[in-house]
Each structure stands twice: as C-alpha cells, then as structure tokens.
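Visitor: Before we start, here is the structure in question, set down as structure tokens.
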Amino acid sequence: MTQDERWMARYLEVVEFIEREHRNPSKHRIEEHDMLNWLKANRKAMNAGKMKPERVEKFRKLLALTEQYRRKNQYQ
C-alpha cells in the first residue's frame, strides 16, 4: 500500500466516522485517538504548506465537515 493509498484510506475512515456519528473524533475516547491525531497532523502540515497540493482541497472539505459538528453537545 502506497503512502497516498494509506492517506486516502484514513481520509475516508474519518469522513465516514463523522457522517455516521454526527460528531468529530473525541480526545477522551481512546479508540478515536488515531483519527484525531491524523486530523491534527494533517492540519498542521497544511498550515505549514507541506501538504501535497492534490490533498489540500480534499482536506479543506473535511475541515468544513468538522466545523459543522464543532463543540456539539452530546446531550441535545
């Protein structure tokens, strides 16, 4: 599996998780740490200008999706 394939697999996993759970990965749930760390690392790479250009647009769409569920109260 190439690096691009791994990146795309993780991207699809995170998108599917957010659409299924209607929330972002939590720092308090250990099983979601990998997704959260992937999001943070890629956000950092994008802001530093180190992300591949073909990934930037997809990642921006993912960030827009995460903004929809930002600080969602789980009890409402």
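Ligands are numbered from 1 in the order shown, chains are lettered A, B, ... in the order of the structure tokens, and residues start at 1 in each chain.
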Quick one: residues within 8 Å of range 12-16 of chain A, only C-alpha atoms, excluding same-chain residues fewer than 3 positions away - as a list in words?
Guide: Met8, Ala9, Glu19, Arg20, Met35 and Leu62 of chain A
Visitor: Of the residues A:Pro53, A:Trp7, A:Glu21, A:Thr66, which is the one nearest to Trp38 in chain A, using only C-alpha atoms?
Guide: A:Trp7
Visitor: Report, in Å to a single decimal, how far apart CA of Asn42 in chain A and CA of Ile18 in chain A are.
Guide: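 Separation of CA of Ile18 in chain A and CA of Asn42 in chain A: 16.5 Å.
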Visitor: One decimal, Å: what's the distance from CA of Lys52 in chain A over to CA of Gln3 in chain A, could you say?
Guide: 11.6 Å
Visitor: Identify all residues of chain A in alpha helix (DSSP H) (DSSP on the backbone) and supply them as a VMD selection string.
Guide: chain A and resid 3 to 21 33 to 48 53 to 68
Visitor: Can you pull out every residue within 8 Å of range 68-72 of chain A, counting only C-alpha atoms, but drop anything in the same chain fewer than 6 positions away, and send it as a list of chain:residue names?
Guide: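 The residues satisfying every condition are A:His22, A:Arg23, A:Asn24.
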Visitor: Which residue out of A:Arg43, A:Arg6, A:Lys27, A:His33 has the minimum interatomic distance to Phe59 in chain A when only C-alpha atoms are used?
Guide: A:Arg43
Visitor: Would you mind reading off the distance between CA of Gly49 in chain A and CA of Ser26 in chain A, one decimal, in Å?
Guide: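 Here the two named atoms are 26.0 Å from each other.
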Visitor: So which one's closest to Val56 in chain A, A:Asn37, A:Tyr11, A:Glu32, A:Tyr75? Using only C-alpha atoms, please.
Guide: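 Using only C-alpha atoms, the shortest distance to Val56 in chain A belongs to A:Tyr11.
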